[in-house]
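J.: Got a structure for you, final.txt, holding compact mmCIF, C-alpha atoms.
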# COMPACT_ATOMS: atom_id res chain seq x y z
CA MET H 156 32.17 9.57 54.32
CA HIS H 157 29.91 11.94 56.22
CA LYS H 158 32.30 13.24 58.84
CA ILE H 159 30.23 16.04 60.35
CA THR H 160 29.67 15.36 64.04
CA ARG H 161 26.35 15.17 65.83
CA ARG H 162 27.38 17.92 68.26
CA ARG H 163 28.39 20.27 65.45
CA PHE H 164 25.03 19.76 63.75
CA LEU H 165 22.95 20.28 66.85
CA GLN H 166 24.96 23.32 67.96
CA GLY H 167 24.90 24.77 64.45
CA THR H 168 21.15 24.54 63.99
CA THR H 169 20.43 27.97 65.44
CA SER H 170 23.09 29.78 63.43
CA LEU H 171 22.16 28.10 60.17
CA LEU H 172 18.47 28.80 60.70
CA ALA H 173 19.33 32.45 61.15
CA MET H 174 20.43 32.51 57.51
CA HIS H 175 17.14 30.96 56.38
CA THR H 176 15.01 34.09 56.58
CA VAL H 177 12.20 34.46 54.07
CA PRO H 178 9.82 37.43 53.89
CA VAL H 179 6.50 36.66 55.51
CA ALA H 180 3.52 36.57 53.15
CA ALA H 181 0.98 39.36 53.44
CA THR H 182 -2.03 37.44 52.06
CA LEU H 183 -4.08 34.63 53.55
CA GLN H 184 -2.41 31.30 52.80
CA SER H 185 -3.99 27.92 52.15
CA PRO H 186 -3.43 25.54 55.07
CA THR H 187 -1.27 22.48 54.59
CA PRO H 188 -3.56 19.46 53.98
CA ARG H 189 -3.88 16.95 56.78
CA GLN H 190 -2.96 13.33 56.10
CA SER H 191 -2.97 10.03 57.94
CA ALA H 192 -0.19 9.18 60.37
CA GLY H 193 -0.07 5.69 58.89
CA PRO H 194 0.51 2.50 60.89
CA PHE H 195 4.14 3.03 61.88
CA TYR H 196 4.24 5.92 64.35
CA PRO H 197 6.59 4.56 67.04
CA VAL H 198 4.97 2.65 69.86
CA GLU H 199 7.64 4.07 72.16
CA LEU H 200 9.79 7.10 71.46
CA PRO H 201 13.51 6.29 71.54
CA LEU H 202 15.73 7.82 74.18
CA ASP H 203 17.57 9.50 71.33
CA ASP H 204 14.96 11.46 69.33
CA ASP H 205 16.58 14.84 68.64
CA ASN H 206 16.58 16.60 65.26
CA ASP H 207 19.46 14.58 63.79
CA LEU H 208 18.09 11.24 62.55
CA THR H 209 21.37 10.27 60.87
CA HIS H 210 23.18 9.49 64.13
CA VAL H 211 22.10 7.28 67.01
CA ALA H 212 23.66 7.45 70.46
CA GLY H 213 26.07 4.56 70.85
CA GLN H 214 26.48 4.05 67.09
CA GLU H 215 29.68 5.21 65.43
CA GLN H 216 28.33 4.95 61.89
CA THR H 217 26.21 7.49 60.04
CA ALA H 218 22.85 6.35 58.68
CA SER H 219 22.93 4.83 55.20
CA GLY H 220 21.21 6.89 52.53
CA GLN H 221 21.45 10.36 51.03
CA ILE H 222 21.99 12.76 53.92
CA THR H 223 19.50 15.62 53.76
CA ASP H 224 19.01 18.89 55.60
CA LEU H 225 15.29 19.63 55.85
CA ASP H 226 14.18 23.02 57.13
CA GLY H 227 11.25 25.40 56.94
CA ARG H 228 8.78 27.36 59.01
CA ILE H 229 5.53 26.75 60.85
CA LEU H 230 3.13 29.59 60.05
CA ASP H 231 -0.49 30.55 60.56
CA GLN H 232 -2.70 31.43 57.58
CA ASN H 233 -1.70 35.08 57.85
CA GLY H 234 1.92 34.09 57.35
CA LEU H 235 2.81 34.82 60.96
CA PRO H 236 5.37 32.52 62.62
CA LEU H 237 4.29 29.97 65.22
CA GLY H 238 7.14 29.52 67.66
CA GLY H 239 7.55 27.08 70.52
CA LEU H 240 5.76 24.17 68.81
CA ARG H 241 7.03 20.61 68.93
CA ILE H 242 7.38 19.09 65.46
CA GLU H 243 8.21 15.45 64.84
CA ILE H 244 9.18 13.58 61.68
CA TRP H 245 9.46 9.83 61.15
CA GLN H 246 10.21 7.70 58.11
CA CYS H 247 11.59 4.38 56.94
CA ASP H 248 15.31 3.78 56.62
CA ILE H 249 17.29 3.12 53.43
CA ASN H 250 16.02 -0.49 53.45
CA GLY H 251 12.38 0.57 53.63
CA ARG H 252 12.09 -0.44 57.29
CA TYR H 253 10.34 1.43 60.08
CA ARG H 254 11.34 1.05 63.72
CA HIS H 255 7.98 -0.45 64.61
CA PRO H 256 6.90 -3.96 65.69
CA ARG H 257 4.25 -4.09 62.94
CA ASP H 258 6.82 -3.60 60.19
CA SER H 259 7.29 -7.16 58.91
CA GLY H 260 9.83 -6.36 56.18
CA ASP H 261 12.54 -8.93 55.61
CA ARG H 262 15.41 -6.51 55.00
CA PRO H 263 17.57 -5.49 57.97
CA ILE H 264 16.90 -2.33 59.96
CA ASP H 265 19.66 0.27 59.71
CA PRO H 266 20.92 0.55 63.32
CA ALA H 267 22.46 3.95 62.58
CA PHE H 268 19.15 5.56 61.54
CA GLN H 269 17.15 7.09 64.37
CA GLY H 270 13.79 6.64 62.63
CA ILE H 271 12.02 9.52 64.39
CA GLY H 272 13.15 12.92 65.62
CA HIS H 273 11.78 16.13 67.03
CA THR H 274 12.62 19.79 67.44
CA ILE H 275 10.90 22.97 68.66
CA SER H 276 10.13 25.81 66.28
CA ASP H 277 11.98 29.02 67.17
CA LYS H 278 10.41 32.48 67.60
CA LEU H 279 10.37 32.93 63.82
CA GLY H 280 8.60 29.60 63.38
CA ARG H 281 11.67 27.88 61.97
CA TYR H 282 12.56 24.22 62.34
CA ARG H 283 15.38 22.05 61.03
CA PHE H 284 16.15 18.33 60.74
CA ARG H 285 18.96 16.23 59.42
CA THR H 286 17.66 12.99 57.93
CA ILE H 287 17.92 10.95 54.74
CA ARG H 288 16.16 11.56 51.44
CA PRO H 289 13.01 9.44 51.74
CA VAL H 290 12.87 6.15 49.87
CA PRO H 291 9.89 4.02 48.79
CA TYR H 292 8.66 0.91 50.51
CA PRO H 293 6.11 -1.57 49.10
CA GLY H 294 2.94 0.27 48.08
CA ARG H 295 4.12 3.79 48.87
CA THR H 296 6.00 6.59 47.15
CA PRO H 297 8.89 8.20 49.10
CA HIS H 298 7.55 10.36 51.91
CA ILE H 299 8.24 11.72 55.39
CA HIS H 300 5.59 11.67 58.12
CA VAL H 301 5.16 14.92 60.04
CA VAL H 302 3.20 15.91 63.14
CA VAL H 303 2.99 19.32 64.85
CA PHE H 304 1.65 19.70 68.39
CA PRO H 305 -0.16 23.05 68.82
CA ALA H 306 -1.11 24.04 72.35
CA SER H 307 -4.77 23.34 73.18
CA GLU H 308 -5.40 21.79 69.75
CA LYS H 309 -5.26 18.24 68.47
CA PRO H 310 -1.98 17.30 66.76
CA PHE H 311 -1.66 18.29 63.12
CA THR H 312 -0.48 15.32 61.03
CA THR H 313 0.54 15.26 57.39
CA GLN H 314 3.09 13.77 55.00
CA LEU H 315 5.80 15.36 52.86
CA TYR H 316 6.51 14.10 49.33
CA VAL H 317 9.39 14.45 46.88
CA ALA H 318 8.59 16.74 43.94
CA GLY H 319 8.94 15.04 40.58
CA ASP H 320 9.00 11.47 41.86
CA PRO H 321 7.07 9.39 39.28
CA ARG H 322 5.65 7.13 42.00
CA ASN H 323 3.56 10.04 43.32
CA ALA H 324 1.17 9.46 40.41
CA SER H 325 0.17 6.03 41.71
CA ASP H 326 0.36 6.66 45.46
CA PHE H 327 -3.13 6.38 46.95
CA LEU H 328 -2.55 8.90 49.77
CA TYR H 329 -0.85 11.48 47.57
CA GLN H 330 -3.69 11.18 45.08
CA ARG H 331 -6.25 11.83 47.82
CA VAL H 332 -4.94 15.39 48.09
CA PRO H 333 -6.82 17.57 45.56
CA GLU H 334 -4.51 18.39 42.69
CA ALA H 335 -4.67 22.12 43.38
CA TYR H 336 -3.25 21.56 46.87
CA ARG H 337 -0.62 18.88 46.23
CA HIS H 338 2.14 21.45 46.04
CA LEU H 339 1.47 22.16 49.72
CA VAL H 340 2.68 18.67 50.70
CA THR H 341 5.45 18.43 48.09
CA THR H 342 8.91 19.95 47.94
CA GLU H 343 12.08 19.65 45.88
CA PHE H 344 15.07 17.81 47.24
CA ARG H 345 17.97 19.70 45.69
CA GLN H 346 21.49 18.40 45.46
CA SER H 347 23.70 20.21 47.95
CA GLY H 348 26.96 21.96 47.26
CA THR H 349 27.95 21.52 50.91
CA ALA H 350 30.38 18.85 52.03
CA ASN H 351 28.79 15.95 53.93
CA ILE H 352 25.28 16.88 52.79
CA ASP H 353 23.75 15.23 49.72
CA PHE H 354 20.44 17.10 49.51
CA THR H 355 18.66 20.10 50.98
CA ALA H 356 14.92 20.68 51.17
CA SER H 357 12.77 23.53 52.51
CA TRP H 358 9.08 23.25 53.32
CA ASP H 359 6.73 25.58 55.18
CA ILE H 360 3.79 24.20 57.17
CA VAL H 361 0.72 26.43 57.31
CA MET H 362 -1.61 25.78 60.25
CA ALA H 363 -5.32 26.38 59.85
CA VAL H 364 -5.65 27.64 63.43
CA THR H 365 -3.41 29.69 65.68
CA PRO H 366 -2.56 27.88 68.92
CA GLY H 367 -3.93 29.52 72.05
Before we go any further, please render this structure as structure tokens.
T.:
Amino acid sequence: MHKITRRRFLQGTTSLLAMHTVPVAATLQSPTPRQSAGPFYPVELPLDDDNDLTHVAGQEQTASGQITDLDGRILDQNGLPLGGLRIEIWQCDINGRYRHPRDSGDRPIDPAFQGIGHTISDKLGRYRFRTIRPVPYPGRTPHIHVVVFPASEKPFTTQLYVAGDPRNASDFLYQRVPEAYRHLVTTEFRQSGTANIDFTASWDIVMAVTPG
């Protein structure tokens, strides 16, 4: 049973991010490759779209799946943090269903999975989400959709993949990323030693331009 409360997670985000400090790189970094948003970006954002996708307001249950803490930083190509940016993630639930009218899957939608969430990067560029380890759905390897909204620039959209998943080799969108850059959209989901958390993952997003 995942007994951690929604309030404890949301209130603890700042303090836990403070422990996730990584030295900033001194050399020019390759930008994270852009990717398609796909067909299932929500038509309408839910009233509840905070950074904890494993709880939905009005639902007592926790989302089914392997609970995962995902964190990282949003950086420019000089390795400098980009704070104050809205970042969203969305993904299918444990049954491979998106909260979208075009998803015609026949398995039930998990009512306890939020489906999409957002947060704002802090002054050190850091972000954090609680979600589930992504699962496959027909035709796709496990992945999480991501969009960042820089000021005065068009949204930056990409997808995050699970390192070592054998389905990556046959996924048409993953294979479109040149092999030398695939590590920039891939990260390890490591088993957690923390109670109530199954996996942890860290992933930095490098923006090609600095917001104005």
J.: Within 9 Å of (14.5, 14.8, 45.7) (file coordinates; all atoms listed in the file), which protein or nucleic acid residues are there? I'd like them as a list in words.
T.: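 Residues satisfying the cut-off, written out: Arg288, Pro289, Tyr316, Val317, Ala318, Gly319, Asp320, Thr342, Glu343, Phe344, Arg345, Gln346, Phe354, Thr355 and Ala356 of chain H.
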J.: So, with all atoms listed in the file as the atoms that count, which of H:Ser357, H:Leu240, H:Leu339, H:Pro263 lies closest to H:Glu308?
T.: H:Leu240
J.: To one decimal in Å, tell me the separation between atom CA of H:Ile229 and atom CA of H:Glu334.
T.: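 That distance, rounded to one decimal, is 22.4 Å.
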J.: H:Ser259: which residues within 12 Å, counting only C-alpha atoms, same-chain residues fewer than 4 positions away excluded, as a list of chain:residue names?
T.: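 Those residues are H:Pro194, H:Phe195, H:Gly251, H:Arg252, H:Tyr253, H:Arg254, H:His255, H:Pro263, H:Ile264, H:Tyr292, H:Pro293.
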J.: Give me the residues near H:Gly239 as an MDAnalysis selection string, where near means some atom within 9 Å (using only C-alpha atoms) and where sequence neighbours in that chain fewer than 3 positions away do not count.
T.: chainID H and resid 275:278 280 305
J.: Atom CA of H:Gln221 to atom CA of H:Ala350: how many Å, to one decimal?
T.: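 Straight-line distance from atom CA of H:Gln221 to atom CA of H:Ala350 works out to 12.4 Å.
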J.: Hey, which of H:Leu208, H:Ala306, H:Val361, H:Ile299 ends up closest to H:Tyr196? Count only C-alpha atoms.
T.: H:Ile299
J.: Padding of 8 Å on every side, edges along x, y and z, all listed atoms of stretch 244-254 of chain H included: what centre and edge lengths in Å, to one decimal, does that box have, as JSON?
T.:
{"center_x": 13.2, "center_y": 6.5, "center_z": 58.6, "size_x": 24.1, "size_y": 30.1, "size_z": 26.3}
J.: Could you tell me how far atom CA of H:Gly213 sits from atom CA of H:Pro266, in Å to one decimal place?
T.: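 Result for atom CA of H:Pro266 versus atom CA of H:Gly213: 10.0 Å, one decimal.
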J.: Can you pull out the residues contacting H:Pro201? Cut-off 12 Å, using all atoms listed in the file, and skip same-chain residues under 2 positions away; I want them as a list in words.
T.: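 After dropping sequence-adjacent residues, the list is Tyr196, Pro197, Val198, Glu199, Asp203, Asp204, Asp205, Leu208, Val211, Ala212, Trp245, Arg254, His255, Phe268, Gln269, Gly270, Ile271, Gly272 and His273 of chain H.
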J.: For H:Glu243, which residue among H:Asn206, H:Asn323, H:Ser191, H:Thr182 is the nearest when counting only C-alpha atoms?
T.: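 The shortest atom-to-atom distance to H:Glu243 comes from H:Asn206.
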